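Participant: What follows is protein.pdb, made up of PDB, C-alpha atoms:
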ATOM      1  CA  ASP D   1     -26.767  -4.965 -13.081
ATOM      2  CA  ALA D   2     -23.324  -5.153 -11.397
ATOM      3  CA  VAL D   3     -21.701  -1.844 -10.441
ATOM      4  CA  GLU D   4     -18.680  -2.989  -8.372
ATOM      5  CA  VAL D   5     -16.662  -6.152  -7.816
ATOM      6  CA  GLY D   6     -14.158  -7.092  -5.110
ATOM      7  CA  ALA D   7     -11.899 -10.158  -5.094
ATOM      8  CA  MET D   8     -10.270 -11.669  -1.994
ATOM      9  CA  TYR D   9      -7.857 -14.612  -1.915
ATOM     10  CA  GLN D  10     -10.363 -17.219  -3.114
ATOM     11  CA  THR D  11     -13.680 -15.362  -2.907
ATOM     12  CA  THR D  12     -15.400 -12.699  -4.997
ATOM     13  CA  CYS D  13     -18.177 -10.282  -4.017
ATOM     14  CA  VAL D  14     -20.302  -8.200  -6.378
ATOM     15  CA  ARG D  15     -22.334  -5.084  -5.609
ATOM     16  CA  ARG D  16     -25.354  -5.030  -7.863
ATOM     17  CA  GLY D  17     -28.938  -3.824  -8.239
ATOM     18  CA  THR D  18     -30.430  -0.415  -8.952
ATOM     19  CA  PRO D  19     -29.867   3.024  -7.386
ATOM     20  CA  GLY D  20     -31.336   3.046  -3.893
ATOM     21  CA  ALA D  21     -31.454  -0.752  -3.730
ATOM     22  CA  TYR D  22     -27.898  -2.011  -4.207
ATOM     23  CA  TYR D  23     -27.056  -5.332  -2.547
ATOM     24  CA  VAL D  24     -24.093  -7.743  -2.440
ATOM     25  CA  THR D  25     -23.667 -11.364  -3.499
ATOM     26  CA  CYS D  26     -20.504 -13.432  -3.012
ATOM     27  CA  PHE D  27     -19.151 -16.706  -4.341
ATOM     28  CA  GLY D  28     -16.071 -18.913  -4.006
ATOM     29  CA  ASN D  29     -14.406 -20.221  -0.856
ATOM     30  CA  ASN D  30     -16.594 -19.778   2.231
ATOM     31  CA  THR D  31     -14.473 -21.475   4.913
ATOM     32  CA  ASN D  32     -14.537 -18.378   7.127
ATOM     33  CA  GLY D  33     -18.039 -17.200   6.228
ATOM     34  CA  GLN D  34     -16.751 -14.662   3.727
ATOM     35  CA  CYS D  35     -19.699 -15.217   1.384
ATOM     36  CA  GLY D  36     -21.986 -13.759   4.055
ATOM     37  CA  VAL D  37     -24.784 -16.319   3.745
ATOM     38  CA  GLY D  38     -24.957 -17.319   7.411
ATOM     39  CA  THR D  39     -22.927 -20.537   7.166
ATOM     40  CA  THR D  40     -19.386 -21.744   6.434
ATOM     41  CA  VAL D  41     -20.536 -24.315   3.887
ATOM     42  CA  THR D  42     -17.995 -24.202   1.068
ATOM     43  CA  PRO D  43     -17.540 -23.691  -1.804
ATOM     44  CA  ILE D  44     -20.291 -21.493  -3.203
ATOM     45  CA  THR D  45     -19.800 -21.787  -6.930
ATOM     46  CA  THR D  46     -22.281 -19.269  -8.330
ATOM     47  CA  PRO D  47     -23.565 -15.852  -7.221
ATOM     48  CA  GLY D  48     -26.720 -16.509  -5.252
ATOM     49  CA  ALA D  49     -28.403 -15.157  -2.164
ATOM     50  CA  PRO D  50     -27.643 -11.592  -1.051
ATOM     51  CA  VAL D  51     -25.282 -11.145   1.882
ATOM     52  CA  LEU D  52     -27.280 -11.283   5.113
ATOM     53  CA  GLY D  53     -27.383  -8.212   7.334
ATOM     54  CA  LEU D  54     -27.107  -5.540   4.643
ATOM     55  CA  THR D  55     -30.500  -3.988   5.268
ATOM     56  CA  ALA D  56     -29.802  -0.604   3.660
ATOM     57  CA  ASP D  57     -28.620   0.452   0.214
ATOM     58  CA  THR D  58     -24.982  -0.674  -0.173
ATOM     59  CA  LEU D  59     -22.790   2.148  -1.452
ATOM     60  CA  GLU D  60     -19.266   0.720  -1.399
ATOM     61  CA  LEU D  61     -17.196  -2.438  -0.907
ATOM     62  CA  SER D  62     -13.713  -2.792   0.580
ATOM     63  CA  HIS D  63     -11.677  -5.984   0.742
ATOM     64  CA  GLY D  64      -8.201  -7.131   1.675
ATOM     65  CA  PHE D  65      -6.104 -10.122   0.643
ATOM     66  CA  ALA D  66      -7.389 -12.237   3.532
ATOM     67  CA  ASP D  67     -10.875 -13.710   3.805
ATOM     68  CA  GLY D  68     -12.807 -10.639   4.942
ATOM     69  CA  ILE D  69     -14.818  -7.896   3.294
ATOM     70  CA  CYS D  70     -16.589  -4.724   4.427
ATOM     71  CA  ALA D  71     -19.371  -2.594   3.006
ATOM     72  CA  ARG D  72     -20.647   0.923   3.616
ATOM     73  CA  THR D  73     -24.384   1.506   3.561
ATOM     74  CA  SER D  74     -26.633   4.520   3.054
ATOM     75  CA  ASP D  75     -27.571   4.693   6.749
ATOM     76  CA  GLY D  76     -23.993   5.648   7.700
ATOM     77  CA  ARG D  77     -22.849   2.234   8.850
ATOM     78  CA  GLY D  78     -19.851   0.096   8.014
ATOM     79  CA  LEU D  79     -20.438  -3.673   8.138
ATOM     80  CA  CYS D  80     -17.971  -6.542   7.715
ATOM     81  CA  TRP D  81     -18.004 -10.327   7.438
ATOM     82  CA  GLY D  82     -15.525 -13.214   7.080
ATOM     83  CA  ALA D  83     -12.323 -14.145   8.941
ATOM     84  CA  ASN D  84     -12.157 -12.481  12.356
ATOM     85  CA  SER D  85      -9.793 -14.491  14.554
ATOM     86  CA  GLY D  86      -6.104 -14.791  15.346
ATOM     87  CA  LEU D  87      -4.269 -12.109  13.400
ATOM     88  CA  TYR D  88      -7.390 -11.154  11.441
ATOM     89  CA  SER D  89      -9.833  -8.532  12.669
ATOM     90  CA  LEU D  90     -12.947  -6.998  11.136
ATOM     91  CA  GLY D  91     -13.608  -4.360  13.800
ATOM     92  CA  VAL D  92     -16.954  -5.806  14.884
ATOM     93  CA  GLY D  93     -15.995  -6.466  18.518
ATOM     94  CA  GLY D  94     -15.238  -9.480  20.662
ATOM     95  CA  ALA D  95     -12.233 -10.249  22.833
ATOM     96  CA  SER D  96     -10.854 -12.985  20.624
ATOM     97  CA  GLY D  97     -12.842 -12.807  17.427
ATOM     98  CA  GLY D  98     -14.419 -15.652  15.498
ATOM     99  CA  ASN D  99     -15.699 -16.093  11.960
ATOM    100  CA  ILE D 100     -18.473 -13.677  10.977
ATOM    101  CA  THR D 101     -20.936 -15.286   8.562
ATOM    102  CA  SER D 102     -23.208 -12.289   7.902
ATOM    103  CA  ALA D 103     -22.673  -8.545   7.582
ATOM    104  CA  THR D 104     -22.090  -7.202  11.111
ATOM    105  CA  PRO D 105     -21.815  -3.507  12.036
ATOM    106  CA  LEU D 106     -18.464  -2.050  13.038
ATOM    107  CA  LEU D 107     -18.867  -1.744  16.796
ATOM    108  CA  GLY D 108     -20.051   1.695  17.909
ATOM    109  CA  MET D 109     -19.411   3.366  14.562
ATOM    110  CA  THR D 110     -21.890   5.817  12.989
ATOM    111  CA  GLU D 111     -21.505   8.507  10.297
ATOM    112  CA  VAL D 112     -19.154   6.220   8.359
ATOM    113  CA  VAL D 113     -18.177   7.773   5.033
ATOM    114  CA  GLU D 114     -15.375   5.415   3.941
ATOM    115  CA  VAL D 115     -14.063   1.963   4.885
ATOM    116  CA  SER D 116     -10.648   0.564   3.938
ATOM    117  CA  LEU D 117      -9.732  -3.057   4.660
ATOM    118  CA  SER D 118      -6.198  -4.463   4.542
ATOM    119  CA  THR D 119      -4.839  -7.981   5.116
ATOM    120  CA  ALA D 120      -5.260  -8.189   8.891
ATOM    121  CA  SER D 121      -6.621  -4.773   9.765
ATOM    122  CA  GLY D 122      -8.794  -1.931   8.578
ATOM    123  CA  CYS D 123      -9.665   1.731   8.993
ATOM    124  CA  LEU D 124     -12.672   3.952   8.492
ATOM    125  CA  LEU D 125     -13.376   7.627   8.023
ATOM    126  CA  ARG D 126     -16.069   8.971  10.287
ATOM    127  CA  GLY D 127     -17.768  12.354  10.234
ATOM    128  CA  ALA D 128     -19.020  15.000   7.862
ATOM    129  CA  ALA D 129     -17.101  17.335   5.537
ATOM    130  CA  PRO D 130     -14.826  19.260   5.595
ATOM    131  CA  GLY D 131     -13.012  16.572   7.538
ATOM    132  CA  GLY D 132     -13.455  13.574   9.733
ATOM    133  CA  GLU D 133     -11.914  11.187  12.209
ATOM    134  CA  VAL D 134      -9.806   8.120  11.413
ATOM    135  CA  TRP D 135     -10.588   4.930  13.356
ATOM    136  CA  CYS D 136      -8.681   1.650  12.890
ATOM    137  CA  TRP D 137      -8.596  -1.927  14.152
ATOM    138  CA  GLY D 138      -6.441  -5.003  13.623
ATOM    139  CA  TYR D 139      -3.068  -6.535  14.348
ATOM    140  CA  THR D 140       0.244  -5.052  15.425
ATOM    141  CA  SER D 141       3.481  -6.779  16.340
ATOM    142  CA  ALA D 142       5.362  -3.847  17.855
ATOM    143  CA  VAL D 143       4.286  -0.533  16.341
ATOM    144  CA  ARG D 144       1.730   1.697  18.042
ATOM    145  CA  TRP D 145      -0.186   2.656  14.923
ATOM    146  CA  ILE D 146      -3.571   2.970  16.653
ATOM    147  CA  ASP D 147      -4.202   5.143  19.714
ATOM    148  CA  GLY D 148      -3.725   3.066  22.864
ATOM    149  CA  MET D 149      -2.641  -0.135  21.125
ATOM    150  CA  THR D 150       0.800  -1.677  21.684
ATOM    151  CA  SER D 151       0.631  -5.317  20.534
ATOM    152  CA  GLY D 152      -1.751  -8.105  19.610
ATOM    153  CA  THR D 153      -5.069  -7.830  17.787
ATOM    154  CA  VAL D 154      -7.817  -5.311  18.473
ATOM    155  CA  TYR D 155     -11.297  -6.436  17.419
ATOM    156  CA  GLU D 156     -13.015  -3.047  17.577
ATOM    157  CA  ALA D 157     -12.187   0.335  16.084
ATOM    158  CA  LEU D 158      -9.963   2.682  18.083
ATOM    159  CA  ARG D 159      -9.190   6.302  17.296
ATOM    160  CA  ALA D 160      -6.127   6.498  15.056
ATOM    161  CA  GLY D 161      -3.322   8.955  15.603
ATOM    162  CA  PRO D 162      -0.980   9.867  18.442
ATOM    163  CA  VAL D 163      -2.358   9.384  21.948
ATOM    164  CA  GLY D 164      -4.252  12.493  22.992
ATOM    165  CA  ALA D 165      -3.966  14.194  19.600
ATOM    166  CA  PRO D 166      -5.772  12.185  16.900
ATOM    167  CA  ILE D 167      -6.397  13.874  13.586
ATOM    168  CA  ALA D 168      -9.893  15.224  12.958
ATOM    169  CA  ASP D 169      -9.632  16.739   9.476
ATOM    170  CA  ALA D 170      -9.289  13.677   7.238
ATOM    171  CA  ILE D 171     -11.169  13.475   3.942
ATOM    172  CA  ALA D 172      -9.893  10.036   2.818
ATOM    173  CA  VAL D 173      -8.238   7.043   4.474
ATOM    174  CA  ALA D 174      -6.357   3.914   3.420
ATOM    175  CA  ALA D 175      -5.376   0.960   5.627
ATOM    176  CA  GLY D 176      -2.115  -0.922   5.118
ATOM    177  CA  ASP D 177      -0.151  -3.577   6.954
ATOM    178  CA  GLN D 178       0.111  -2.131  10.498
ATOM    179  CA  ARG D 179      -0.173   1.389   9.143
ATOM    180  CA  TRP D 180      -2.663   3.902   7.819
ATOM    181  CA  CYS D 181      -2.512   6.927   5.552
ATOM    182  CA  ALA D 182      -4.998   9.774   5.296
ATOM    183  CA  THR D 183      -5.587  12.787   3.100
ATOM    184  CA  ARG D 184      -6.249  15.875   5.209
ATOM    185  CA  ALA D 185      -8.584  18.723   4.314
ATOM    186  CA  SER D 186      -5.535  20.835   3.423
ATOM    187  CA  GLY D 187      -4.537  18.327   0.734
ATOM    188  CA  ALA D 188      -1.620  16.976   2.768
ATOM    189  CA  VAL D 189      -1.106  13.214   3.058
ATOM    190  CA  VAL D 190       0.038  11.777   6.384
ATOM    191  CA  CYS D 191       0.884   8.207   7.368
ATOM    192  CA  MET D 192       1.544   6.436  10.671
ATOM    193  CA  GLY D 193       2.737   2.998  11.755
ATOM    194  CA  PHE D 194       5.044   0.356  10.322
ATOM    195  CA  ASP D 195       7.405   1.619   7.600
ATOM    196  CA  SER D 196       8.230  -1.582   5.739
ATOM    197  CA  ASP D 197       9.996  -0.758   2.452
ATOM    198  CA  GLY D 198       9.197   2.940   2.697
ATOM    199  CA  GLY D 199       5.454   2.488   3.158
ATOM    200  CA  LEU D 200       5.077   5.758   5.085
ATOM    201  CA  GLY D 201       6.595   7.824   2.280
ATOM    202  CA  ASP D 202       8.844   9.835   4.576
ATOM    203  CA  GLY D 203      12.220   8.881   3.148
ATOM    204  CA  PRO D 204      14.894   6.249   3.828
ATOM    205  CA  GLY D 205      16.169   5.105   7.199
ATOM    206  CA  VAL D 206      12.822   5.109   9.007
ATOM    207  CA  THR D 207      11.405   1.856  10.409
ATOM    208  CA  SER D 208       8.179   3.115  11.971
ATOM    209  CA  SER D 209       6.436   6.188  13.337
ATOM    210  CA  THR D 210       4.085   6.573  16.298
ATOM    211  CA  THR D 211       2.928   9.964  15.033
ATOM    212  CA  PRO D 212       1.544  10.914  11.608
ATOM    213  CA  VAL D 213       4.335  11.924   9.217
ATOM    214  CA  ALA D 214       4.053  13.807   5.948
ATOM    215  CA  ALA D 215       4.295  11.646   2.845
TER
END
Using structure tokens, write down the structure that the file contains.
Facilitator:
Amino acid sequence: DAVEVGAMYQTTCVRRGTPGAYYVTCFGNNTNGQCGVGTTVTPITTPGAPVLGLTADTLELSHGFADGICARTSDGRGLCWGANSGLYSLGVGGASGGNITSATPLLGMTEVVEVSLSTASGCLLRGAAPGGEVWCWGYTSAVRWIDGMTSGTVYEALRAGPVGAPIADAIAVAAGDQRWCATRASGAVVCMGFDSDGGLGDGPGVTSSTTPVAA
């Protein structure tokens, strides 16, 4: 009855069930609570109990390389669990983070239509068609890739885009390493943040951008 699978560094999560009643089970390393069973007892060697805290139909999973995973549910919420300290953030709040052992809502976020999780950061798309807002959280070393953020780790979602002029017509979003990209309602793709190895798609000779650039 599995319909989706997501693999992290040493942990796997499966979305399974029937339409209207999808749930998630995880197995593997659970050092940071990434199996979502309420403890950090590890390892969990077989799929077992459903992830705690997912009280509505689970529609989508998103995972990064690190030990964290997020889900989107039918009630318009995004929820995450796993590693949430140091460089790693899941967007669920807290000044300094801490491991999250059950699915916890992204702080203050409603009308979530997509969640994208990267290694140490993530983004979500919020709002109804024909376009929505991009919100992101996570780590930055020097690049202002989230509105109002200059360095360190942010543990709750902030509006993404240039200060005072965030985009509001996104229809898809993807989180990368200190950067995000979005598809706009016009069909254009824009990216903002750290430009390691051409990750913004705006040509050679660019190291970073504090405004969205066309890819």
Participant: Determine, counting all atoms listed in the file, which protein, DNA and RNA residues have an atom within 8 Å of an atom of segment 34-50 of chain D; residues of the same chain fewer than 6 positions away are not included. Present the result as a ChimeraX atom specification.
Facilitator: /D:11,13,23-28,67-69,81-83,100-103
Participant: Hey, what comes out of the PyMOL selection byres ((chain D and resi 105) around 6) on this file? Could you write it as a list in words?
Facilitator: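 Against this file, the PyMOL selection byres ((chain D and resi 105) around 6) returns the residues Gly78, Leu79, Thr104, Leu106 and Leu107 of chain D.
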Participant: Between D:Ser186, D:Val3, D:Gly164, D:Trp180, which residue has the minimum interatomic distance to Gly201 of chain D, considering all atoms listed in the file?
Facilitator: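 The closest residue to Gly201 of chain D is D:Trp180.
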Participant: How would you write, as an MDAnalysis selection string, the residues chosen by the PyMOL selection byres ((chain D and resi 17) around 12) on this structure?
Facilitator: chainID D and resid 1:4 14:16 18:25 50 57:59
Participant: Quick one: distance from atom CA of Leu52 of chain D to atom CA of Leu124 of chain D in Å, one decimal?
Facilitator: 21.4 Å
Participant: Taking the file as shown, what set of residues would the PyMOL selection byres ((chain D and resi 84-88) around 9) give back, as a list in words?
Facilitator: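 On this input, the PyMOL selection byres ((chain D and resi 84-88) around 9) captures Asn32, Ala66, Asp67, Gly68, Trp81, Gly82, Ala83, Ser89, Leu90, Gly91, Val92, Ser96, Gly97, Gly98, Asn99, Ile100, Thr119, Ala120, Ser121, Gly138, Tyr139, Thr140, Gly152, Thr153 and Tyr155 of chain D.
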Participant: Could you check which of D:Gly108, D:Gly161, D:Gly33, D:Gly132 is closest to Ala185 of chain D, using only C-alpha atoms?
Facilitator: D:Gly132
Participant: If you count only C-alpha atoms, which residues fall within 7 Å of Leu61 of chain D, apart from same-chain ones fewer than 4 positions away, as a list of chain:residue names?
Facilitator: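 Counting only C-alpha atoms, the residues come to D:Gly6, D:Cys70, D:Ala71, D:Arg72.
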Participant: Kindly give the distance, in Å, that separates atom CA of Cys136 of chain D and atom CA of Leu158 of chain D, rounded to a single decimal.
Facilitator: 5.4 Å
Participant: Using atom CA of Glu60 of chain D and atom CA of Leu125 of chain D as the two end points, give the distance in Å to one decimal.
Facilitator: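 Value for the atom CA of Glu60 of chain D-atom CA of Leu125 of chain D distance: 13.1 Å.
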